[in-house]
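Engineer: This is the structure I have questions about; it appears just below.
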Amino acid sequence: MSEDYPRGESPPFDLAGDTGAERSALRTPEALQLVLDSIPVRIFWKDLESVYLGCNRLFALDAGLGSPEEIVGKNDFELSWRKQAELYRGDDRTVMDTGEPKVNYEEPQTWEDGTELWLRTSKVPLRDHEGRVVGVMGCYEDITERKRTEQILRRYEHIVSASRDHISFVDTDFVYRAVNAAYVEAFGRPREELVGRPVGEVFGKEIFERGIRRRLERCLAGEHINDQHWVDFPFSGRRFMDVRMSPHREKDGTVSGVVVSARDITEQRK
């Protein structure tokens, strides 16, 4: 261990042997490629004609190539995403012509086998030592799963919004965090006057303490509740409701709130 470093600390490299030689080795093109291949995003760079000059291993695999070396001299029309070649080259041109980066934008990618992906991409101009733009460098990450999840959530949001059942989400402090359109209609108040307010304030302390609190506490303890009872709405009067309450669990299993779905069955009751 070199005495240049405090006791208990290690130098940034293994300095056994010829320190200067090892540090020089870390500056070789091979070492740079090793670093790029270790980064968990796709990285590439092109010349002024959008011809590839290099990339890292993940990018080469996406392009349908066996190694980063194979991409040198190719353009987007020769790779697996040729359907989006014009789109990608247009972005290259914009970045190189303006000299301004284009950061964190989303774009599609379709492979020859029909695989459809969504990417979050950033591109910056490459400049020489005199500041002239000589190409473009970019990176992207695959956000396909996130986009699919967002689409599923939007569908569920539409279903919940269109439902005539009164649906709400109450957190562990008995505060409304979400309500659907039917719930808003039943209370006759704007959504912003419900979301963020404690259930006890919305229904009134007496009604809340008389039964609602106990049911919410049971759900937060992990119990599922389904019962029918009269509910005194502050603005729409007394209604007979079929109420289902379920604990909402996070991925780690902890209960973070209660999902409440209530159906007005007053007419059936009559």
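Labels for the structure tokens follow display order: chains A, B, ..., residues from 1 in each chain, ligands from 1.
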Would you kindly return, as a PyMOL selection string, each protein, DNA or RNA residue with an atom no farther than 9 Å from any atom of range 80-88 of chain A, considering only C-alpha atoms and excluding same-chain residues fewer than 4 positions away?

Structural biologist: chain A and resi 62-64+75-76+92-93+108-113

Engineer: Residues as selected, N, CA and C atoms, written as a JSON list (two decimals), in the first residue's frame, can you do that?

Structural biologist:
```
[["chain", "number", "residue", "atom", "x", "y", "z"],
["A", 62, "ASP", "N", -28.73, -4.00, -29.51],
["A", 62, "ASP", "CA", -30.01, -3.50, -30.01],
["A", 62, "ASP", "C", -30.00, -3.36, -31.53],
["A", 63, "ALA", "N", -28.84, -2.99, -32.06],
["A", 63, "ALA", "CA", -28.73, -2.78, -33.51],
["A", 63, "ALA", "C", -28.64, -4.09, -34.28],
["A", 64, "GLY", "N", -28.59, -5.22, -33.56],
["A", 64, "GLY", "CA", -28.51, -6.51, -34.22],
["A", 64, "GLY", "C", -27.09, -6.90, -34.61],
["A", 75, "ASN", "N", -25.01, 3.31, -41.16],
["A", 75, "ASN", "CA", -25.99, 4.34, -40.83],
["A", 75, "ASN", "C", -27.28, 3.67, -40.39],
["A", 76, "ASP", "N", -28.26, 4.47, -39.99],
["A", 76, "ASP", "CA", -29.49, 3.92, -39.40],
["A", 76, "ASP", "C", -30.30, 3.09, -40.39],
["A", 92, "ASP", "N", -30.64, 14.09, -35.34],
["A", 92, "ASP", "CA", -29.19, 14.35, -35.45],
["A", 92, "ASP", "C", -28.94, 15.70, -36.10],
["A", 93, "ARG", "N", -29.63, 15.92, -37.23],
["A", 93, "ARG", "CA", -29.43, 17.13, -38.02],
["A", 93, "ARG", "C", -29.78, 18.38, -37.20],
["A", 108, "PRO", "N", -40.21, 6.26, -30.42],
["A", 108, "PRO", "CA", -40.43, 4.83, -30.63],
["A", 108, "PRO", "C", -39.24, 4.18, -31.33],
["A", 109, "GLN", "N", -39.18, 2.86, -31.21],
["A", 109, "GLN", "CA", -38.20, 2.08, -31.97],
["A", 109, "GLN", "C", -38.83, 0.74, -32.34],
["A", 110, "THR", "N", -38.79, 0.40, -33.63],
["A", 110, "THR", "CA", -39.37, -0.86, -34.11],
["A", 110, "THR", "C", -38.28, -1.68, -34.76],
["A", 111, "TRP", "N", -38.09, -2.91, -34.28],
["A", 111, "TRP", "CA", -37.08, -3.79, -34.84],
["A", 111, "TRP", "C", -37.64, -4.57, -36.02],
["A", 112, "GLU", "N", -36.75, -5.21, -36.74],
["A", 112, "GLU", "CA", -37.16, -5.97, -37.93],
["A", 112, "GLU", "C", -38.10, -7.11, -37.59],
["A", 113, "ASP", "N", -37.97, -7.69, -36.38],
["A", 113, "ASP", "CA", -38.84, -8.81, -36.00],
["A", 113, "ASP", "C", -40.19, -8.35, -35.47]]
```

Engineer: If you run DSSP on the backbone, which residues of range 29-200 of chain A are alpha helix (DSSP H), as a ChimeraX atom specification?

Structural biologist: /A:29-38,57-62,85-98,144-162,181-187,199-200

Engineer: Convert the current residue selection to file output with C-alpha atoms, as a CSV table (one decimal), in the first residue's frame.

Structural biologist:
```
chain,number,residue,atom,x,y,z
A,29,PRO,CA,-9.2,3.0,-26.3
A,30,GLU,CA,-9.7,-0.5,-25.0
A,31,ALA,CA,-10.1,0.7,-21.4
A,32,LEU,CA,-12.6,3.4,-22.6
A,33,GLN,CA,-14.6,0.8,-24.4
A,34,LEU,CA,-14.7,-1.3,-21.2
A,35,VAL,CA,-16.1,1.7,-19.3
A,36,LEU,CA,-18.7,2.4,-22.0
A,37,ASP,CA,-19.8,-1.3,-22.0
A,38,SER,CA,-20.3,-1.2,-18.2
A,57,ARG,CA,-22.1,-3.1,-26.3
A,58,LEU,CA,-25.8,-2.6,-25.3
A,59,PHE,CA,-26.3,-0.3,-28.3
A,60,ALA,CA,-24.6,-2.8,-30.7
A,61,LEU,CA,-26.9,-5.6,-29.4
A,62,ASP,CA,-30.0,-3.5,-30.0
A,85,ALA,CA,-34.0,6.0,-39.6
A,86,GLU,CA,-35.4,9.2,-41.0
A,87,LEU,CA,-36.7,10.2,-37.6
A,88,TYR,CA,-33.4,9.6,-35.9
A,89,ARG,CA,-31.3,11.3,-38.6
A,90,GLY,CA,-33.6,14.3,-38.4
A,91,ASP,CA,-32.9,14.7,-34.7
A,92,ASP,CA,-29.2,14.3,-35.4
A,93,ARG,CA,-29.4,17.1,-38.0
A,94,THR,CA,-31.3,19.4,-35.7
A,95,VAL,CA,-28.7,19.0,-32.9
A,96,MET,CA,-25.8,19.5,-35.2
A,97,ASP,CA,-27.3,22.5,-37.1
A,98,THR,CA,-28.3,24.3,-33.9
A,144,THR,CA,-41.0,0.3,-22.7
A,145,GLU,CA,-42.2,-1.3,-19.5
A,146,ARG,CA,-42.9,2.1,-17.9
A,147,LYS,CA,-44.9,3.2,-21.0
A,148,ARG,CA,-46.9,0.0,-20.9
A,149,THR,CA,-47.6,0.5,-17.2
A,150,GLU,CA,-48.7,4.1,-17.9
A,151,GLN,CA,-51.1,2.9,-20.6
A,152,ILE,CA,-52.6,0.3,-18.3
A,153,LEU,CA,-53.0,2.9,-15.5
A,154,ARG,CA,-54.7,5.3,-18.0
A,155,ARG,CA,-57.2,2.6,-18.9
A,156,TYR,CA,-57.9,1.9,-15.2
A,157,GLU,CA,-58.3,5.6,-14.6
A,158,HIS,CA,-60.9,5.8,-17.4
A,159,ILE,CA,-62.8,2.8,-16.0
A,160,VAL,CA,-62.8,4.2,-12.5
A,161,SER,CA,-63.8,7.7,-13.7
A,162,ALA,CA,-66.7,6.3,-15.8
A,181,ALA,CA,-66.5,11.6,-10.7
A,182,ALA,CA,-69.4,9.7,-9.1
A,183,TYR,CA,-68.0,10.5,-5.6
A,184,VAL,CA,-67.7,14.1,-6.5
A,185,GLU,CA,-71.3,14.2,-7.8
A,186,ALA,CA,-72.7,12.5,-4.6
A,187,PHE,CA,-71.1,15.3,-2.5
A,199,VAL,CA,-62.7,12.1,6.0
A,200,GLY,CA,-63.9,13.4,9.4
```

Engineer: May I have the residues within 7 Å of Phe233 in chain A as number ranges by chain, using only C-alpha atoms and disregarding those fewer than 4 positions away in the same chain?

Structural biologist: A: 187, 203, 237-238

Engineer: When you draw a straight line from CA of Arg177 in chain A to CA of Asp252 in chain A, how long is it in Å?

Structural biologist: 20.4 Å

Engineer: With only C-alpha atoms as the atoms that count, which of A:Glu116, A:Val136, A:Glu69, A:Lys270 lies nearest to Lys102 in chain A?

Structural biologist: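 Smallest separation from Lys102 in chain A among the options: A:Val136.
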
Engineer: What is the CA of Ser246 in chain A to CA of Val258 in chain A distance in Å?

Structural biologist: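 Atom-to-atom, CA of Ser246 in chain A to CA of Val258 in chain A, that is 5.6 Å.
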
Engineer: From the options A:Ile43, A:Ser122, A:His166, A:Asp264, which residue's atoms come nearest to Phe240 in chain A, counting only C-alpha atoms?

Structural biologist: A:Asp264
